[in-house]
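Structure file run.cif with mmCIF, C-alpha atoms:
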data_upload
#
loop_
_atom_site.group_PDB
_atom_site.id
_atom_site.type_symbol
_atom_site.label_atom_id
_atom_site.label_comp_id
_atom_site.auth_asym_id
_atom_site.auth_seq_id
_atom_site.Cartn_x
_atom_site.Cartn_y
_atom_site.Cartn_z
ATOM 1 C CA MET A 1 -58.869 75.678 68.144
ATOM 2 C CA HIS A 2 -56.565 78.638 68.744
ATOM 3 C CA THR A 3 -53.536 76.507 67.762
ATOM 4 C CA LEU A 4 -55.179 75.392 64.501
ATOM 5 C CA LEU A 5 -56.092 78.972 63.597
ATOM 6 C CA SER A 6 -52.536 80.112 64.334
ATOM 7 C CA ALA A 7 -51.152 77.330 62.137
ATOM 8 C CA ILE A 8 -53.434 78.314 59.244
ATOM 9 C CA VAL A 9 -52.493 81.989 59.558
ATOM 10 C CA TYR A 10 -48.781 81.085 59.698
ATOM 11 C CA LEU A 11 -49.109 78.864 56.612
ATOM 12 C CA ALA A 12 -50.979 81.528 54.623
ATOM 13 C CA VAL A 13 -48.558 84.305 55.568
ATOM 14 C CA SER A 14 -45.460 82.192 54.874
ATOM 15 C CA VAL A 15 -46.779 81.118 51.450
ATOM 16 C CA LEU A 16 -47.576 84.756 50.650
ATOM 17 C CA VAL A 17 -44.065 85.825 51.679
ATOM 18 C CA GLY A 18 -42.604 82.994 49.573
ATOM 19 C CA CYS A 19 -44.671 84.132 46.567
ATOM 20 C CA LEU A 20 -43.370 87.675 47.024
ATOM 21 C CA PHE A 21 -39.816 86.294 46.840
ATOM 22 C CA GLY A 22 -40.928 84.264 43.804
ATOM 23 C CA LEU A 23 -41.786 87.424 41.865
ATOM 24 C CA VAL A 24 -38.060 88.069 41.450
ATOM 25 C CA PRO A 25 -37.299 84.935 39.337
ATOM 26 C CA PHE A 26 -40.722 85.217 37.660
ATOM 27 C CA PHE A 27 -40.059 88.666 36.179
ATOM 28 C CA LEU A 28 -36.358 87.987 35.609
ATOM 29 C CA GLY A 29 -37.309 84.869 33.625
ATOM 30 C CA ARG A 30 -39.635 86.904 31.418
ATOM 31 C CA TYR A 31 -36.973 89.563 30.879
ATOM 32 C CA ARG A 32 -34.257 86.996 30.070
ATOM 33 C CA TYR A 33 -36.520 84.898 27.783
ATOM 34 C CA ARG A 34 -36.669 82.035 30.334
ATOM 35 C CA PRO A 35 -40.411 82.128 31.195
ATOM 36 C CA ASN A 36 -40.659 78.462 32.268
ATOM 37 C CA MET A 37 -37.797 78.806 34.735
ATOM 38 C CA GLY A 38 -39.366 82.002 36.089
ATOM 39 C CA ARG A 39 -42.724 80.296 36.649
ATOM 40 C CA TRP A 40 -41.100 77.341 38.403
ATOM 41 C CA GLY A 41 -39.132 79.744 40.589
ATOM 42 C CA PHE A 42 -42.340 81.512 41.616
ATOM 43 C CA ILE A 43 -44.044 78.200 42.490
ATOM 44 C CA TRP A 44 -41.118 76.773 44.463
ATOM 45 C CA CYS A 45 -40.601 79.993 46.406
ATOM 46 C CA GLY A 46 -44.243 79.761 47.501
ATOM 47 C CA VAL A 47 -43.780 76.110 48.488
ATOM 48 C CA ALA A 48 -40.582 76.937 50.400
ATOM 49 C CA GLY A 49 -42.273 79.742 52.363
ATOM 50 C CA PRO A 50 -43.482 77.591 55.303
ATOM 51 C CA PHE A 51 -39.992 76.095 55.605
ATOM 52 C CA LEU A 52 -38.344 79.548 55.830
ATOM 53 C CA LEU A 53 -36.296 78.883 52.672
ATOM 54 C CA PRO A 54 -37.813 81.138 49.986
ATOM 55 C CA PHE A 55 -34.736 83.388 49.842
ATOM 56 C CA LEU A 56 -32.409 80.464 49.078
ATOM 57 C CA VAL A 57 -34.824 79.040 46.489
ATOM 58 C CA MET A 58 -35.162 82.467 44.883
ATOM 59 C CA LEU A 59 -31.391 82.851 44.781
ATOM 60 C CA GLY A 60 -30.968 79.433 43.152
ATOM 61 C CA PHE A 61 -33.485 80.204 40.407
ATOM 62 C CA VAL A 62 -32.023 83.672 39.776
ATOM 63 C CA VAL A 63 -28.570 82.148 39.258
ATOM 64 C CA GLY A 64 -30.057 79.427 37.048
ATOM 65 C CA ILE A 65 -31.867 81.952 34.855
ATOM 66 C CA LEU A 66 -28.755 84.104 34.483
ATOM 67 C CA VAL A 67 -26.361 81.288 33.538
ATOM 68 C CA SER A 68 -28.613 78.946 31.540
ATOM 69 C CA GLU A 69 -28.365 78.780 27.758
ATOM 70 C CA GLN A 70 -32.017 77.853 27.252
ATOM 71 C CA ASP A 71 -35.284 77.569 29.129
ATOM 72 C CA SER A 72 -36.193 74.602 31.332
ATOM 73 C CA ARG A 73 -38.090 72.990 28.457
ATOM 74 C CA PRO A 74 -36.812 72.611 24.884
ATOM 75 C CA PRO A 75 -38.705 74.693 22.324
ATOM 76 C CA ARG A 76 -41.714 72.928 20.893
ATOM 77 C CA GLU A 77 -41.915 72.121 17.219
ATOM 78 C CA PRO A 78 -43.289 75.301 15.662
ATOM 79 C CA GLN A 79 -46.817 75.042 14.380
ATOM 80 C CA PRO A 80 -47.672 76.681 11.058
ATOM 81 C CA VAL A 81 -49.676 79.859 11.466
ATOM 82 C CA ALA A 82 -52.373 80.684 8.942
ATOM 83 C CA TYR A 83 -51.144 84.097 7.795
ATOM 84 C CA PRO A 84 -52.961 85.609 4.822
ATOM 85 C CA ARG A 85 -50.895 84.558 1.839
ATOM 86 C CA PRO A 86 -50.519 86.513 -1.372
ATOM 87 C CA ALA A 87 -51.179 84.807 -4.673
ATOM 88 C CA PRO A 88 -48.309 82.382 -5.400
ATOM 89 C CA ARG A 89 -45.813 83.525 -7.965
ATOM 90 C CA ARG A 90 -43.195 81.258 -9.446
ATOM 91 C CA VAL A 91 -39.727 82.639 -9.941
ATOM 92 C CA ALA A 92 -39.310 81.824 -13.590
ATOM 93 C CA GLU A 93 -37.046 84.633 -14.726
ATOM 94 C CA PRO A 94 -33.947 86.140 -13.182
ATOM 95 C CA ILE A 95 -34.594 89.244 -11.101
ATOM 96 C CA ALA A 96 -32.366 92.288 -11.103
ATOM 97 C CA GLN A 97 -30.113 92.092 -8.077
ATOM 98 C CA GLY A 98 -30.889 94.888 -5.656
ATOM 99 C CA GLY A 99 -34.502 95.142 -6.792
ATOM 100 C CA LEU A 100 -35.890 93.176 -3.845
ATOM 101 C CA THR A 101 -36.491 94.166 -0.241
ATOM 102 C CA LEU A 102 -36.886 92.015 2.845
ATOM 103 C CA THR A 103 -39.403 93.188 5.469
ATOM 104 C CA CYS A 104 -39.818 91.796 8.984
ATOM 105 C CA LEU A 105 -43.524 91.236 9.727
ATOM 106 C CA ALA A 106 -43.196 89.802 13.253
ATOM 107 C CA GLY A 107 -40.533 89.508 15.932
ATOM 108 C CA PRO A 108 -37.993 91.823 17.574
ATOM 109 C CA LEU A 109 -37.104 93.352 14.165
ATOM 110 C CA ARG A 110 -40.729 93.984 13.155
ATOM 111 C CA GLY A 111 -41.159 96.899 10.765
ATOM 112 C CA GLN A 112 -37.546 96.964 9.608
ATOM 113 C CA SER A 113 -36.681 96.551 5.924
ATOM 114 C CA TYR A 114 -33.443 95.388 4.323
ATOM 115 C CA PRO A 115 -32.525 95.728 0.629
ATOM 116 C CA ILE A 116 -31.305 92.437 -0.842
ATOM 117 C CA GLY A 117 -28.129 93.493 -2.584
ATOM 118 C CA ALA A 118 -25.699 91.492 -4.666
ATOM 119 C CA ALA A 119 -24.060 90.071 -1.529
ATOM 120 C CA GLY A 120 -27.400 88.811 -0.183
ATOM 121 C CA LEU A 121 -28.351 88.855 3.495
ATOM 122 C CA MET A 122 -27.263 86.722 6.437
ATOM 123 C CA PHE A 123 -29.584 86.269 9.449
ATOM 124 C CA GLY A 124 -28.529 85.509 13.026
ATOM 125 C CA ARG A 125 -27.301 86.802 16.373
ATOM 126 C CA ASP A 126 -23.639 87.239 15.432
ATOM 127 C CA THR A 127 -22.117 90.658 14.752
ATOM 128 C CA ASP A 128 -21.346 89.869 11.093
ATOM 129 C CA CYS A 129 -25.012 89.224 10.211
ATOM 130 C CA HIS A 130 -26.824 91.737 7.999
ATOM 131 C CA VAL A 131 -30.157 90.968 9.719
ATOM 132 C CA ARG A 132 -28.957 90.844 13.318
ATOM 133 C CA PHE A 133 -31.199 89.681 16.152
ATOM 134 C CA PRO A 134 -30.632 90.703 19.789
ATOM 135 C CA SER A 135 -28.075 88.450 21.477
ATOM 136 C CA GLN A 136 -30.647 87.042 23.933
ATOM 137 C CA SER A 137 -33.168 86.083 21.219
ATOM 138 C CA THR A 138 -34.440 82.523 21.629
ATOM 139 C CA GLY A 139 -34.869 80.291 18.602
ATOM 140 C CA ILE A 140 -32.210 82.139 16.569
ATOM 141 C CA SER A 141 -28.754 80.693 15.897
ATOM 142 C CA ARG A 142 -25.595 82.797 15.604
ATOM 143 C CA HIS A 143 -25.635 82.175 11.833
ATOM 144 C CA HIS A 144 -29.180 81.027 11.148
ATOM 145 C CA CYS A 145 -29.917 81.362 7.420
ATOM 146 C CA ALA A 146 -29.160 83.496 4.372
ATOM 147 C CA VAL A 147 -30.799 84.903 1.263
ATOM 148 C CA ARG A 148 -28.383 84.608 -1.651
ATOM 149 C CA TRP A 149 -28.397 84.950 -5.411
ATOM 150 C CA GLN A 150 -27.993 81.881 -7.594
ATOM 151 C CA GLN A 151 -27.902 82.482 -11.349
ATOM 152 C CA GLY A 152 -29.946 85.637 -10.930
ATOM 153 C CA VAL A 153 -32.572 83.946 -8.736
ATOM 154 C CA PRO A 154 -32.855 84.641 -4.982
ATOM 155 C CA VAL A 155 -32.594 81.515 -2.838
ATOM 156 C CA LEU A 156 -33.098 80.918 0.890
ATOM 157 C CA VAL A 157 -30.514 78.686 2.620
ATOM 158 C CA ASP A 158 -30.668 77.337 6.161
ATOM 159 C CA LEU A 159 -27.145 77.445 7.633
ATOM 160 C CA ASN A 160 -27.567 74.281 9.711
ATOM 161 C CA SER A 161 -29.392 76.275 12.391
ATOM 162 C CA ALA A 162 -30.416 74.670 15.677
ATOM 163 C CA TYR A 163 -34.049 75.771 15.434
ATOM 164 C CA GLY A 164 -34.706 75.511 11.694
ATOM 165 C CA THR A 165 -35.838 77.800 8.870
ATOM 166 C CA TYR A 166 -39.380 77.427 7.543
ATOM 167 C CA LEU A 167 -41.313 78.642 4.527
ATOM 168 C CA GLY A 168 -44.587 80.451 5.161
ATOM 169 C CA ASP A 169 -46.582 77.221 4.733
ATOM 170 C CA GLY A 170 -44.626 75.541 7.568
ATOM 171 C CA LYS A 171 -42.270 73.459 5.406
ATOM 172 C CA GLN A 172 -38.836 73.194 7.025
ATOM 173 C CA LEU A 173 -35.832 73.777 4.770
ATOM 174 C CA PRO A 174 -33.105 71.110 4.738
ATOM 175 C CA PRO A 175 -29.758 72.489 5.983
ATOM 176 C CA ASN A 176 -27.476 74.007 3.331
ATOM 177 C CA TYR A 177 -29.997 73.388 0.527
ATOM 178 C CA PRO A 178 -30.834 76.497 -1.551
ATOM 179 C CA THR A 179 -34.596 76.956 -2.000
ATOM 180 C CA PRO A 180 -35.810 79.493 -4.619
ATOM 181 C CA VAL A 181 -37.852 82.399 -3.267
ATOM 182 C CA GLY A 182 -39.183 85.560 -4.843
ATOM 183 C CA PRO A 183 -41.487 88.541 -4.398
ATOM 184 C CA GLY A 184 -44.314 87.603 -2.041
ATOM 185 C CA SER A 185 -42.421 84.712 -0.435
ATOM 186 C CA ARG A 186 -42.684 84.460 3.343
ATOM 187 C CA PHE A 187 -40.485 82.518 5.724
ATOM 188 C CA TYR A 188 -39.732 82.403 9.429
ATOM 189 C CA LEU A 189 -36.799 81.564 11.677
ATOM 190 C CA GLY A 190 -37.301 79.084 14.514
ATOM 191 C CA GLY A 191 -41.010 79.870 14.853
ATOM 192 C CA PRO A 192 -43.748 82.008 13.259
ATOM 193 C CA ALA A 193 -42.930 84.786 15.721
ATOM 194 C CA ASN A 194 -39.916 85.709 13.505
ATOM 195 C CA LEU A 195 -41.657 86.224 10.163
ATOM 196 C CA PHE A 196 -40.208 87.871 7.042
ATOM 197 C CA GLN A 197 -41.524 88.643 3.546
ATOM 198 C CA ILE A 198 -39.723 89.433 0.315
ATOM 199 C CA THR A 199 -41.178 92.323 -1.691
ATOM 200 C CA VAL A 200 -40.260 94.219 -4.842
#
Could you express the structure from this file as structure tokens?
Amino acid sequence: MHTLLSAIVYLAVSVLVGCLFGLVPFFLGRYRYRPNMGRWGFIWCGVAGPFLLPFLVMLGFVVGILVSEQDSRPPREPQPVAYPRPAPRRVAEPIAQGGLTLTCLAGPLRGQSYPIGAAGLMFGRDTDCHVRFPSQSTGISRHHCAVRWQQGVPVLVDLNSAYGTYLGDGKQLPPNYPTPVGPGSRFYLGGPANLFQITV
């Protein structure tokens, strides 16, 4: 009886110690936008506790999180989100260049506004982008998409991004195909978490 109780106490304490080690990859994964890898690191550190290996498991997951290009699972196909939509307005007439503004409604750039000048706007993680996302942003390509002017009409163009560019209703834009947009138009990059709207 004493031996069984000792074994149970040892197992509980070793799993607890392993879980404490697992907090390191768990929080690092959240910070580095690798939440799945962080969760798996936490679980495997707990499992490795009774075998006295949680430190090595933790170290392996920390290295994996730091050097990996993406999370342990590929991003799921984004699901359209039912945002309140303004009344549709067709872009029938040319709009004065410089009279439109782009506003970020959701994502790391939320609240920021960008005037759409004659040169248009390029979105992405690279340093030459007008709308530049943080370098560790998931779901955003280096050169993701652009808003340009075509015969006086603003158009949205996906630049063959890895994660796609979507209109507010969830329709994915074909790569390198200009799609007319205008005041009130909403679109998102990679997923609804990176939402933008064009306003006058």
Selection dump of the PyMOL selection byres ((chain A and resi 12-20) around 7), as a list in words: Ile8, Val9, Tyr10, Leu11, Phe21, Gly22, Leu23, Phe42, Cys45, Gly46, Val47, Ala48, Gly49, Pro50 and Pro54 of chain A
Please produce, as JSON lines, a per-residue contact table for region 116-149 of chain A versus region 63-69 of chain A (criterion: any atom at most 12 Å away, only C-alpha atoms considered), showing the nearest atom pair and its distance in Å to one decimal, sorted by chain then residue number.
{"residue": "A:Ser135", "atom": "CA", "partner": "A:Glu69", "partner_atom": "CA", "distance": 11.5}
{"residue": "A:Gln136", "atom": "CA", "partner": "A:Glu69", "partner_atom": "CA", "distance": 9.4}
{"residue": "A:Ser137", "atom": "CA", "partner": "A:Glu69", "partner_atom": "CA", "distance": 10.9}
{"residue": "A:Thr138", "atom": "CA", "partner": "A:Glu69", "partner_atom": "CA", "distance": 9.4}
{"residue": "A:Gly139", "atom": "CA", "partner": "A:Glu69", "partner_atom": "CA", "distance": 11.3}
Hits of the PyMOL selection byres ((chain A and resi 118-129) around 8) in this structure, as a PyMOL selection string: chain A and resi 97-98+116-117+130-135+137+140-149
Identify all residues satisfying the PyMOL selection byres ((chain A and resi 103-107) around 8) in the given file; provide them as number ranges by chain. A: 101-102, 108-114, 192-199
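Between CA of Leu100 (chain A) and CA of Pro115 (chain A) there is a distance of 6.2 Å.
Separating CA of Lys171 (chain A) from CA of Val153 (chain A) is a distance of 20.1 Å.
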Exercise: residues within 12 Å of coordinate (-39.8, 80.1, 33.8), counting only C-alpha atoms, as an MDAnalysis selection string: chainID A and resid 22:44 61:62 64:66 68 70:73
Near-Pro178 (chain A) list (9 Å; all atoms listed in the file; drop same-chain fewer than 6 positions) as a list in words: Val147, Arg148, Gln150, Val155, Leu156, Val157 and Asp158 of chain A
